[in-house]
>>> print(open('target.tsv').read())   # TSV, C-alpha atoms
chain	number	residue	atom	x	y	z
A	1029	MET	CA	23.36	38.05	14.49
A	1030	THR	CA	20.09	39.52	13.30
A	1031	GLU	CA	16.60	38.56	14.39
A	1032	TRP	CA	16.13	36.72	11.07
A	1033	ASP	CA	19.01	34.39	11.90
A	1034	ASN	CA	17.06	33.01	14.82
A	1035	LEU	CA	14.26	31.99	12.46
A	1036	ARG	CA	16.45	29.93	10.16
A	1037	LEU	CA	16.00	26.18	10.33
A	1038	PRO	CA	19.04	23.89	10.27
A	1039	TYR	CA	18.93	21.54	7.34
A	1040	GLN	CA	20.77	18.49	6.07
A	1041	LEU	CA	21.31	17.44	2.49
A	1042	GLN	CA	20.12	13.92	3.40
A	1043	TRP	CA	16.59	15.33	3.63
A	1044	PHE	CA	16.56	15.77	-0.13
A	1045	ALA	CA	18.03	12.37	-0.99
A	1046	LYS	CA	15.89	9.49	-2.17
A	1047	ASP	CA	15.18	6.59	0.14
A	1048	GLY	CA	17.67	3.79	0.35
A	1049	PRO	CA	21.21	3.38	1.67
A	1050	GLY	CA	24.01	4.58	-0.51
A	1051	GLY	CA	22.38	7.61	-2.15
A	1052	GLU	CA	20.01	8.00	-5.07
A	1053	LYS	CA	18.44	4.98	-6.74
A	1054	THR	CA	19.99	5.11	-10.18
A	1055	GLU	CA	20.79	1.43	-10.89
A	1056	GLU	CA	18.49	-0.96	-12.71
A	1057	PRO	CA	16.99	-3.68	-10.46
A	1058	THR	CA	18.82	-6.99	-10.47
A	1059	ALA	CA	17.15	-10.32	-11.14
A	1060	LYS	CA	17.52	-11.26	-7.47
A	1061	ARG	CA	15.79	-8.08	-6.32
A	1062	LEU	CA	12.87	-8.69	-8.69
A	1063	THR	CA	12.63	-12.32	-7.56
A	1064	ASP	CA	12.66	-11.35	-3.88
A	1065	ALA	CA	9.99	-8.72	-4.53
A	1066	ARG	CA	7.85	-11.30	-6.32
A	1067	ASN	CA	8.24	-13.74	-3.42
A	1068	ASP	CA	7.14	-10.96	-1.06
A	1069	GLY	CA	4.02	-10.35	-3.14
A	1070	LYS	CA	5.23	-7.04	-4.60
A	1071	VAL	CA	4.18	-6.89	-8.26
A	1072	ALA	CA	3.14	-4.32	-10.84
A	1073	LYS	CA	-0.63	-4.75	-10.82
A	1074	SER	CA	-3.56	-2.44	-11.50
A	1075	ARG	CA	-6.70	-3.10	-9.49
A	1076	GLU	CA	-8.55	-0.62	-11.67
A	1077	LEU	CA	-7.97	-2.77	-14.75
A	1078	GLY	CA	-9.44	-5.83	-13.03
A	1079	PHE	CA	-12.47	-3.89	-11.82
A	1080	ALA	CA	-13.05	-2.42	-15.29
A	1081	VAL	CA	-12.98	-5.77	-17.10
A	1082	ASP	CA	-15.11	-7.33	-14.37
A	1083	LEU	CA	-17.66	-4.52	-14.67
A	1084	ILE	CA	-17.91	-4.83	-18.47
A	1085	VAL	CA	-18.24	-8.62	-18.39
A	1086	LEU	CA	-20.88	-8.55	-15.67
A	1087	PHE	CA	-23.01	-5.99	-17.50
A	1088	LEU	CA	-22.69	-7.99	-20.73
A	1089	LEU	CA	-23.68	-11.15	-18.90
A	1090	LEU	CA	-26.63	-9.35	-17.32
A	1091	LYS	CA	-27.70	-8.13	-20.75
A	1092	ILE	CA	-27.56	-11.69	-22.10
A	1093	LEU	CA	-29.33	-13.28	-19.10
A	1094	ILE	CA	-31.77	-10.45	-18.44
A	1095	GLY	CA	-34.74	-12.70	-19.27
A	1096	PHE	CA	-33.52	-15.45	-16.93
A	1097	VAL	CA	-32.90	-12.97	-14.10
A	1098	TYR	CA	-36.23	-11.23	-14.60
A	1099	ASN	CA	-38.23	-14.47	-14.59
A	1100	GLY	CA	-36.34	-15.80	-11.60
A	1101	PHE	CA	-36.81	-12.75	-9.41
A	1102	ARG	CA	-40.42	-12.47	-10.52
A	1103	ASP	CA	-41.10	-16.05	-9.42
A	1104	VAL	CA	-39.43	-15.44	-6.07
A	1105	PHE	CA	-41.38	-12.23	-5.56
A	1106	LEU	CA	-44.69	-13.89	-6.43
A	1107	PHE	CA	-43.87	-16.82	-4.16
A	1108	VAL	CA	-43.13	-14.55	-1.21
A	1109	TYR	CA	-45.93	-12.08	-1.89
A	1110	GLY	CA	-48.49	-14.87	-2.34
A	1111	ARG	CA	-47.78	-16.30	1.12
A	1112	ILE	CA	-47.91	-13.07	3.08
A	1113	PRO	CA	-51.58	-13.64	4.04
A	1114	GLU	CA	-50.78	-17.10	5.38
A	1115	PHE	CA	-47.78	-15.70	7.22
A	1116	VAL	CA	-49.91	-13.06	8.93
A	1117	LYS	CA	-52.79	-15.45	9.61
A	1118	ASN	CA	-50.56	-17.98	11.40
A	1119	ASN	CA	-48.78	-15.30	13.46
A	1120	ALA	CA	-45.50	-15.80	11.60
A	1121	LYS	CA	-45.13	-19.36	12.91
A	1122	GLU	CA	-45.97	-21.54	9.94
A	1123	ILE	CA	-46.72	-21.13	6.22
A	1124	SER	CA	-48.40	-24.09	4.47
A	1125	GLY	CA	-46.48	-26.58	6.53
A	1126	PHE	CA	-43.15	-24.68	6.37
A	1127	SER	CA	-41.54	-23.08	9.37
A	1128	THR	CA	-40.40	-19.47	9.09
A	1129	GLY	CA	-36.76	-20.58	9.00
A	1130	SER	CA	-37.36	-23.07	6.19
A	1131	PHE	CA	-39.33	-20.46	4.27
A	1132	LEU	CA	-36.51	-17.90	4.48
A	1133	ASN	CA	-33.90	-20.52	3.58
A	1134	MET	CA	-35.84	-21.48	0.47
A	1135	VAL	CA	-36.16	-17.83	-0.60
A	1136	LEU	CA	-32.45	-17.23	0.02
A	1137	THR	CA	-31.50	-20.39	-1.91
A	1138	GLU	CA	-33.54	-19.40	-4.94
A	1139	SER	CA	-32.03	-15.90	-4.88
A	1140	LEU	CA	-28.50	-17.30	-4.69
A	1141	LYS	CA	-29.21	-19.54	-7.68
A	1142	LEU	CA	-30.01	-16.44	-9.71
A	1143	MET	CA	-26.84	-14.67	-8.56
A	1144	LEU	CA	-24.56	-17.71	-8.86
A	1145	PRO	CA	-23.65	-17.24	-12.58
A	1146	PHE	CA	-22.63	-13.64	-11.90
A	1147	LEU	CA	-20.57	-14.61	-8.86
A	1148	ILE	CA	-18.75	-17.38	-10.73
A	1149	VAL	CA	-18.08	-15.28	-13.83
A	1150	GLY	CA	-17.00	-12.29	-11.72
A	1151	PHE	CA	-14.51	-14.39	-9.77
A	1152	ALA	CA	-13.18	-16.09	-12.92
A	1153	VAL	CA	-12.71	-12.79	-14.78
A	1154	CYS	CA	-10.99	-11.13	-11.82
A	1155	PHE	CA	-8.70	-14.15	-11.39
A	1156	LEU	CA	-7.78	-14.27	-15.10
A	1157	VAL	CA	-7.06	-10.53	-15.32
A	1158	ASN	CA	-4.74	-10.71	-12.33
A	1159	LEU	CA	-3.13	-13.86	-13.72
A	1160	LEU	CA	-2.42	-12.12	-17.04
A	1161	GLN	CA	-0.93	-9.14	-15.22
A	1162	VAL	CA	1.43	-10.90	-12.81
A	1163	GLY	CA	1.41	-14.60	-13.67
A	1164	TRP	CA	0.99	-17.48	-11.21
A	1165	LYS	CA	2.94	-17.25	-7.97
A	1166	VAL	CA	1.42	-18.26	-4.63
A	1167	THR	CA	2.85	-16.51	-1.56
A	1168	THR	CA	1.54	-15.95	1.95
A	1169	LYS	CA	3.96	-13.17	2.93
A	1170	PRO	CA	1.51	-10.28	2.20
A	1171	MET	CA	-0.86	-11.85	4.77
A	1172	GLN	CA	1.77	-11.99	7.50
A	1173	PRO	CA	1.33	-9.28	10.17
A	1174	LYS	CA	3.80	-6.40	10.05
A	1175	PHE	CA	4.12	-4.43	13.25
A	1176	ASP	CA	5.46	-1.34	11.49
A	1177	LYS	CA	1.95	-0.87	10.04
A	1178	PHE	CA	0.71	-0.18	13.59
A	1179	ASN	CA	3.17	2.66	13.93
A	1180	PRO	CA	1.11	5.89	13.85
A	1181	ILE	CA	4.02	7.85	12.37
A	1182	ASN	CA	4.31	5.43	9.45
A	1183	GLY	CA	0.55	5.54	9.01
A	1184	PHE	CA	0.62	9.33	8.92
A	1185	LYS	CA	3.36	9.21	6.29
A	1186	ARG	CA	1.33	6.79	4.16
A	1187	ILE	CA	-1.76	9.01	4.35
A	1188	PHE	CA	0.12	12.05	3.07
A	1189	SER	CA	2.50	10.23	0.75
A	1190	LYS	CA	2.82	10.79	-2.98
A	1191	ASP	CA	1.06	7.48	-3.67
A	1192	SER	CA	-1.90	8.42	-1.49
A	1193	LEU	CA	-2.26	11.76	-3.23
A	1194	PHE	CA	-2.15	10.03	-6.59
A	1195	GLU	CA	-4.84	7.56	-5.48
A	1196	LEU	CA	-6.98	10.48	-4.31
A	1197	PHE	CA	-6.54	12.22	-7.66
A	1198	LYS	CA	-7.38	8.99	-9.49
A	1199	SER	CA	-10.55	8.51	-7.43
A	1200	ILE	CA	-11.68	12.07	-8.18
A	1201	VAL	CA	-11.06	11.52	-11.89
A	1202	LYS	CA	-13.08	8.28	-11.81
A	1203	LEU	CA	-15.98	9.94	-10.02
A	1204	LEU	CA	-16.03	12.83	-12.48
A	1205	LEU	CA	-15.94	10.46	-15.47
A	1206	ILE	CA	-18.66	8.24	-14.05
A	1207	ALA	CA	-20.82	11.26	-13.26
A	1208	TYR	CA	-20.32	12.66	-16.76
A	1209	VAL	CA	-21.11	9.34	-18.49
A	1210	SER	CA	-24.19	8.82	-16.29
A	1211	TYR	CA	-25.43	12.34	-16.94
A	1212	THR	CA	-24.98	12.13	-20.71
A	1213	SER	CA	-26.60	8.69	-20.82
A	1214	VAL	CA	-29.66	9.83	-18.89
A	1215	LYS	CA	-29.83	13.02	-20.93
A	1216	ASP	CA	-29.78	11.04	-24.20
A	1217	ASN	CA	-32.70	8.90	-22.94
A	1218	ALA	CA	-34.68	11.78	-21.40
A	1219	ASN	CA	-37.48	11.49	-23.95
A	1220	ASP	CA	-37.97	7.82	-23.08
A	1221	LEU	CA	-38.01	8.52	-19.34
A	1222	PHE	CA	-40.77	11.10	-19.73
A	1223	ILE	CA	-43.20	8.45	-21.05
A	1224	LEU	CA	-42.73	5.99	-18.16
A	1225	TYR	CA	-46.09	7.02	-16.68
A	1226	ASP	CA	-47.87	6.32	-19.95
A	1227	ILE	CA	-46.63	2.75	-20.55
A	1228	PRO	CA	-47.38	-0.54	-18.74
A	1229	LEU	CA	-45.30	-1.45	-15.66
A	1230	ILE	CA	-43.46	-4.36	-17.28
A	1231	GLN	CA	-42.50	-2.26	-20.28
A	1232	ALA	CA	-41.36	0.58	-18.00
A	1233	ILE	CA	-39.18	-1.82	-16.00
A	1234	LEU	CA	-37.61	-3.21	-19.17
A	1235	LEU	CA	-36.95	0.30	-20.46
A	1236	CYS	CA	-35.26	1.35	-17.20
A	1237	GLY	CA	-33.26	-1.86	-17.20
A	1238	GLN	CA	-32.07	-1.24	-20.75
A	1239	ILE	CA	-30.99	2.31	-19.88
A	1240	ILE	CA	-29.15	1.06	-16.79
A	1241	LEU	CA	-27.36	-1.68	-18.76
A	1242	ASP	CA	-26.29	0.70	-21.52
A	1243	THR	CA	-25.08	3.24	-18.95
A	1244	GLY	CA	-23.20	0.53	-17.07
A	1245	LEU	CA	-21.44	-0.62	-20.24
A	1246	LYS	CA	-20.42	2.95	-21.07
A	1247	ILE	CA	-19.08	3.44	-17.56
A	1248	GLY	CA	-17.21	0.13	-17.87
A	1249	MET	CA	-15.57	1.21	-21.14
A	1250	VAL	CA	-14.47	4.53	-19.63
A	1251	TYR	CA	-13.27	2.68	-16.54
A	1252	LEU	CA	-11.30	0.34	-18.84
A	1253	VAL	CA	-9.39	3.30	-20.29
A	1254	VAL	CA	-8.59	4.44	-16.76
A	1255	GLY	CA	-7.51	0.89	-15.86
A	1256	ILE	CA	-5.16	0.59	-18.85
A	1257	ALA	CA	-3.57	3.95	-18.04
A	1258	ASP	CA	-3.23	2.92	-14.41
A	1259	TRP	CA	-1.60	-0.37	-15.45
A	1260	PHE	CA	1.09	1.46	-17.41
A	1261	TYR	CA	1.61	3.80	-14.46
A	1262	GLN	CA	1.89	0.90	-12.00
A	1263	LYS	CA	4.46	-0.79	-14.25
A	1264	HIS	CA	6.52	2.42	-14.37
A	1265	LYS	CA	6.15	3.03	-10.63
A	1266	PHE	CA	7.12	-0.54	-9.77
A	1267	HIS	CA	10.23	-0.29	-11.96
A	1268	GLU	CA	11.23	2.99	-10.30
A	1269	ASP	CA	10.61	1.54	-6.82
A	1270	MET	CA	12.73	-1.50	-7.62
A	1271	LYS	CA	15.72	0.56	-8.72
A	1272	MET	CA	18.75	0.28	-6.48
A	1273	THR	CA	21.51	2.50	-5.21
A	1274	LYS	CA	25.11	1.69	-6.05
A	1275	GLN	CA	25.66	0.62	-2.46
A	1276	GLU	CA	22.68	-1.75	-2.57
A	1277	VAL	CA	24.08	-3.37	-5.72
A	1278	LYS	CA	27.45	-3.84	-4.02
A	1279	ASP	CA	25.86	-5.26	-0.88
A	1280	GLU	CA	23.72	-7.68	-2.89
A	1281	TYR	CA	26.76	-8.84	-4.84
A	1282	LYS	CA	28.63	-9.43	-1.58
A	1283	ASN	CA	25.73	-11.39	-0.12
A	1284	THR	CA	25.16	-13.55	-3.19
A	1285	GLU	CA	28.61	-13.88	-4.70
A	1286	GLY	CA	30.69	-13.27	-1.60
A	1287	ASN	CA	33.17	-10.56	-0.75
A	1288	PRO	CA	35.45	-10.00	-3.80
A	1289	GLU	CA	38.53	-9.86	-1.59
A	1290	ILE	CA	37.66	-13.13	0.12
A	1291	LYS	CA	36.83	-14.76	-3.21
A	1292	GLY	CA	40.15	-13.53	-4.60
A	1293	LYS	CA	42.04	-15.07	-1.68
A	1294	GLN	CA	40.11	-18.33	-2.06
A	1295	ARG	CA	40.87	-18.41	-5.78
A	1296	GLN	CA	44.53	-17.75	-5.06
A	1297	ARG	CA	44.67	-20.60	-2.53
A	1298	MET	CA	42.99	-22.95	-5.00
A	1299	GLN	CA	45.49	-21.98	-7.69
A	1300	GLU	CA	48.38	-22.57	-5.33
A	1301	ALA	CA	47.03	-25.99	-4.34
A	1302	SER	CA	46.54	-26.88	-8.01
A	1303	ARG	CA	50.05	-25.70	-8.80
A	1304	ARG	CA	51.50	-27.86	-6.01
A	1305	ARG	CA	49.70	-30.92	-7.31
A	1306	MET	CA	50.91	-30.12	-10.81
A	1307	MET	CA	54.53	-29.83	-9.67
A	1308	GLN	CA	54.22	-33.15	-7.84
A	1309	ASP	CA	53.16	-34.84	-11.10
A	1310	ILE	CA	56.19	-33.60	-13.10
A	1311	PRO	CA	58.46	-36.53	-12.06
A	1312	LYS	CA	55.89	-38.87	-13.66
A	1313	ALA	CA	56.22	-37.14	-17.04
A	1314	ASP	CA	57.97	-38.71	-20.04
A	1315	VAL	CA	59.15	-35.43	-21.54
A	1316	ILE	CA	59.04	-31.64	-21.05
A	1317	ILE	CA	58.42	-29.74	-24.30
A	1318	THR	CA	59.68	-26.14	-24.16
A	1319	ASN	CA	59.60	-22.89	-26.15
A	1320	PRO	CA	62.54	-22.95	-24.90
A	1321	THR	CA	62.34	-20.46	-22.00
A	1322	HIS	CA	58.85	-18.95	-22.04
A	1323	ILE	CA	56.71	-22.12	-22.10
A	1324	SER	CA	57.04	-25.60	-20.62
A	1325	VAL	CA	54.58	-28.50	-21.06
A	1326	ALA	CA	54.92	-31.87	-19.31
A	1327	ILE	CA	53.68	-34.89	-21.32
A	1328	LYS	CA	53.05	-38.48	-20.19
A	1329	TYR	CA	51.82	-41.43	-22.19
A	1330	ASP	CA	50.58	-44.66	-20.64
A	1331	ALA	CA	48.69	-46.93	-23.01
A	1332	ASN	CA	47.04	-48.69	-20.06
A	1333	GLU	CA	45.56	-45.48	-18.63
A	1334	ALA	CA	44.74	-43.30	-21.67
A	1335	LYS	CA	44.30	-43.58	-25.41
A	1336	ALA	CA	46.59	-40.61	-26.06
A	1337	PRO	CA	49.37	-38.68	-24.29
A	1338	VAL	CA	48.17	-36.49	-21.40
A	1339	VAL	CA	49.35	-33.04	-20.30
A	1340	LEU	CA	50.47	-33.32	-16.68
A	1341	ALA	CA	51.64	-29.73	-16.20
A	1342	LYS	CA	52.14	-26.53	-18.11
A	1343	GLY	CA	53.23	-22.98	-17.43
A	1344	GLU	CA	54.92	-19.92	-18.85
A	1345	ASP	CA	57.74	-17.61	-17.75
A	1346	TYR	CA	58.52	-18.19	-14.04
A	1347	LEU	CA	56.30	-21.28	-13.77
A	1348	ALA	CA	57.89	-22.70	-16.94
A	1349	LEU	CA	61.32	-22.26	-15.33
A	1350	LYS	CA	60.18	-24.09	-12.16
A	1351	ILE	CA	58.83	-26.95	-14.29
A	1352	ARG	CA	62.20	-27.32	-16.01
A	1353	GLU	CA	64.05	-27.20	-12.68
A	1354	VAL	CA	61.88	-29.97	-11.21
A	1355	ALA	CA	62.31	-31.99	-14.42
A	1356	LYS	CA	66.11	-31.73	-14.23
A	1357	GLU	CA	66.10	-32.77	-10.58
A	1358	ASN	CA	64.09	-35.89	-11.49
A	1359	HIS	CA	65.98	-36.63	-14.73
A	1360	VAL	CA	63.00	-35.97	-17.04
A	1361	GLU	CA	64.01	-35.29	-20.64
A	1362	ILE	CA	63.55	-31.69	-21.88
A	1363	VAL	CA	62.96	-31.20	-25.60
A	1364	GLU	CA	62.79	-27.84	-27.36
A	1365	ASN	CA	60.00	-27.54	-29.92
A	1366	LYS	CA	58.59	-24.01	-30.13
A	1367	PRO	CA	55.49	-24.60	-32.36
A	1368	LEU	CA	54.48	-27.77	-30.52
A	1369	ALA	CA	54.97	-26.21	-27.08
A	1370	ARG	CA	52.81	-23.23	-28.05
A	1371	MET	CA	50.07	-25.45	-29.51
A	1372	LEU	CA	49.98	-27.67	-26.42
A	1373	TYR	CA	49.97	-24.76	-23.99
A	1374	THR	CA	47.17	-22.93	-25.83
A	1375	ASN	CA	44.83	-25.81	-26.70
A	1376	VAL	CA	45.19	-28.51	-24.02
A	1377	ASP	CA	44.31	-28.13	-20.34
A	1378	ILE	CA	46.07	-29.93	-17.52
A	1379	GLY	CA	44.85	-33.52	-17.20
A	1380	GLN	CA	43.45	-33.65	-20.74
A	1381	GLU	CA	44.55	-35.83	-23.64
A	1382	ILE	CA	46.17	-34.13	-26.61
A	1383	PRO	CA	43.94	-33.62	-29.71
A	1384	PRO	CA	44.30	-35.99	-32.69
A	1385	GLU	CA	45.91	-33.31	-34.87
A	1386	LEU	CA	48.92	-33.27	-32.53
A	1387	TYR	CA	49.36	-37.06	-32.33
A	1388	GLN	CA	52.07	-37.17	-35.00
A	1389	ALA	CA	54.16	-34.33	-33.58
A	1390	VAL	CA	54.01	-35.62	-29.99
A	1391	ALA	CA	54.66	-39.20	-31.11
A	1392	GLU	CA	57.89	-38.11	-32.83
A	1393	VAL	CA	59.06	-36.36	-29.63
A	1394	LEU	CA	58.19	-39.38	-27.49
A	1395	ALA	CA	59.92	-41.73	-29.91
A	1396	MET	CA	63.08	-39.64	-29.71
A	1397	VAL	CA	62.94	-39.65	-25.89
A	1398	TYR	CA	62.42	-43.44	-25.73
A	1399	ASN	CA	65.43	-43.96	-28.04
A	1400	LEU	CA	67.60	-41.78	-25.82
A	1401	LYS	CA	66.55	-43.74	-22.74
A	1402	ASN	CA	67.20	-47.08	-24.40
A	1403	ASN	CA	70.64	-46.02	-25.51
>>> encode(input="target.tsv", output="structure tokens")
Amino acid sequence: MTEWDNLRLPYQLQWFAKDGPGGEKTEEPTAKRLTDARNDGKVAKSRELGFAVDLIVLFLLLKILIGFVYNGFRDVFLFVYGRIPEFVKNNAKEISGFSTGSFLNMVLTESLKLMLPFLIVGFAVCFLVNLLQVGWKVTTKPMQPKFDKFNPINGFKRIFSKDSLFELFKSIVKLLLIAYVSYTSVKDNANDLFILYDIPLIQAILLCGQIILDTGLKIGMVYLVVGIADWFYQKHKFHEDMKMTKQEVKDEYKNTEGNPEIKGKQRQRMQEASRRRMMQDIPKADVIITNPTHISVAIKYDANEAKAPVVLAKGEDYLALKIREVAKENHVEIVENKPLARMLYTNVDIGQEIPPELYQAVAEVLAMVYNLKNN
């Protein structure tokens, strides 16, 4: 053993396998897995897309309502500024009959009235974008506390996970794009900014507001491109995360459909019980129509119970032989008719009436059997 052998780390192939029991996730997600994920609040959704649309709509709304916002904030400012002397004179106790608390409440109320349209529109846009992405499904599971989130090891893994690195890269890209758009926008309006000192205050404020609105809309459009790209990525990532291993598919099938071996035994027991009931009904039959050895079909006709003859039992090969044996033991007539036996066995289930196209053929057989019994 050399000194290099002591430096070798033991390894296991499981370290390189994807998460999930049963090996690599190669199977498409089942409908149940997608439904369970949806109930748990796991959906393919891009927050960036919602923020981008919200940003564009808010800047457009601000551009439309700029006059309303300007006049409103101007009135509030003049109202507050005009009462500063009274506020100082009365030692901050009373202003023209209003207490300090009432005065502040009135200022806050007027400010909220100006912001209310933006708050309502922002909430509505964000809600609609999310609704279009994932549809309507209310669930409280994401809000339930999960103790594994308090595990420092799991937290460390999340910090240095592939998803966290991607989010970091995405944030850097957004910052660079926003910085570039802001720089180019200000650069394009540099000539206008240089004359701010030479124009009236109101005109300077309107000019700055216009530049800010235009820059905000440009940033929103760039952000929208990032949001659309992120939405496609989130859809792809969600699909990959929902994929299943072969073992997971087998386990889900066992949990939903039952163990195949158990289901096979249950099906076999049900078939045996059905076969026993069928054999018990053979003595009630009027005639057994055979092929002559491969197929046997037991027919009964009771005008008081059914409009047409009914198939009581049927079988082929070994079961056909057992039907004939039981029929002989109970003195039930056996008639050989190969085409009719095949038609009955193929087209009529046990307990069903024969179809109209077979009425004539079966009636002739029954008539022959009734004549033999009468003689």
>>> residues_around(input="target.tsv", residues="stretch 1053-1058 of chain A", least_positions_apart="6", cutoff="7 Å", atoms="all atoms listed in the file", output="PyMOL selection string")
chain A and resi 1046+1270-1274
>>> atom_distance(input="target.tsv", atom1="atom CA of A:Ala1355", atom2="atom CA of A:Leu1340")
12.1 Å
>>> closest_residue(input="target.tsv", among="A:Tyr1261, A:Gln1238, A:Val1149, A:Glu1357", to="A:Phe1194", atoms="only C-alpha atoms")
A:Tyr1261
>>> residues_around(input="target.tsv", residues="A:Leu1252", least_positions_apart="2", cutoff="8 Å", atoms="only C-alpha atoms", output="MDAnalysis selection string")
chainID A and resid 1076:1077 1080:1081 1248:1250 1254:1256
>>> residues_near_point(input="target.tsv", point="(-35.3, -12.4, -12.7)", cutoff="12 Å", atoms="all atoms listed in the file", output="list of chain:residue names")
A:Leu1090, A:Lys1091, A:Leu1093, A:Ile1094, A:Gly1095, A:Phe1096, A:Val1097, A:Tyr1098, A:Asn1099, A:Gly1100, A:Phe1101, A:Arg1102, A:Asp1103, A:Val1104, A:Phe1105, A:Leu1106, A:Glu1138, A:Ser1139, A:Leu1140, A:Lys1141, A:Leu1142, A:Met1143, A:Ile1233, A:Leu1234, A:Gly1237
>>> closest_residue(input="target.tsv", among="A:Met1306, A:Tyr1387, A:Gly1110, A:Leu1241", to="A:Leu1086", atoms="all atoms listed in the file")
A:Leu1241
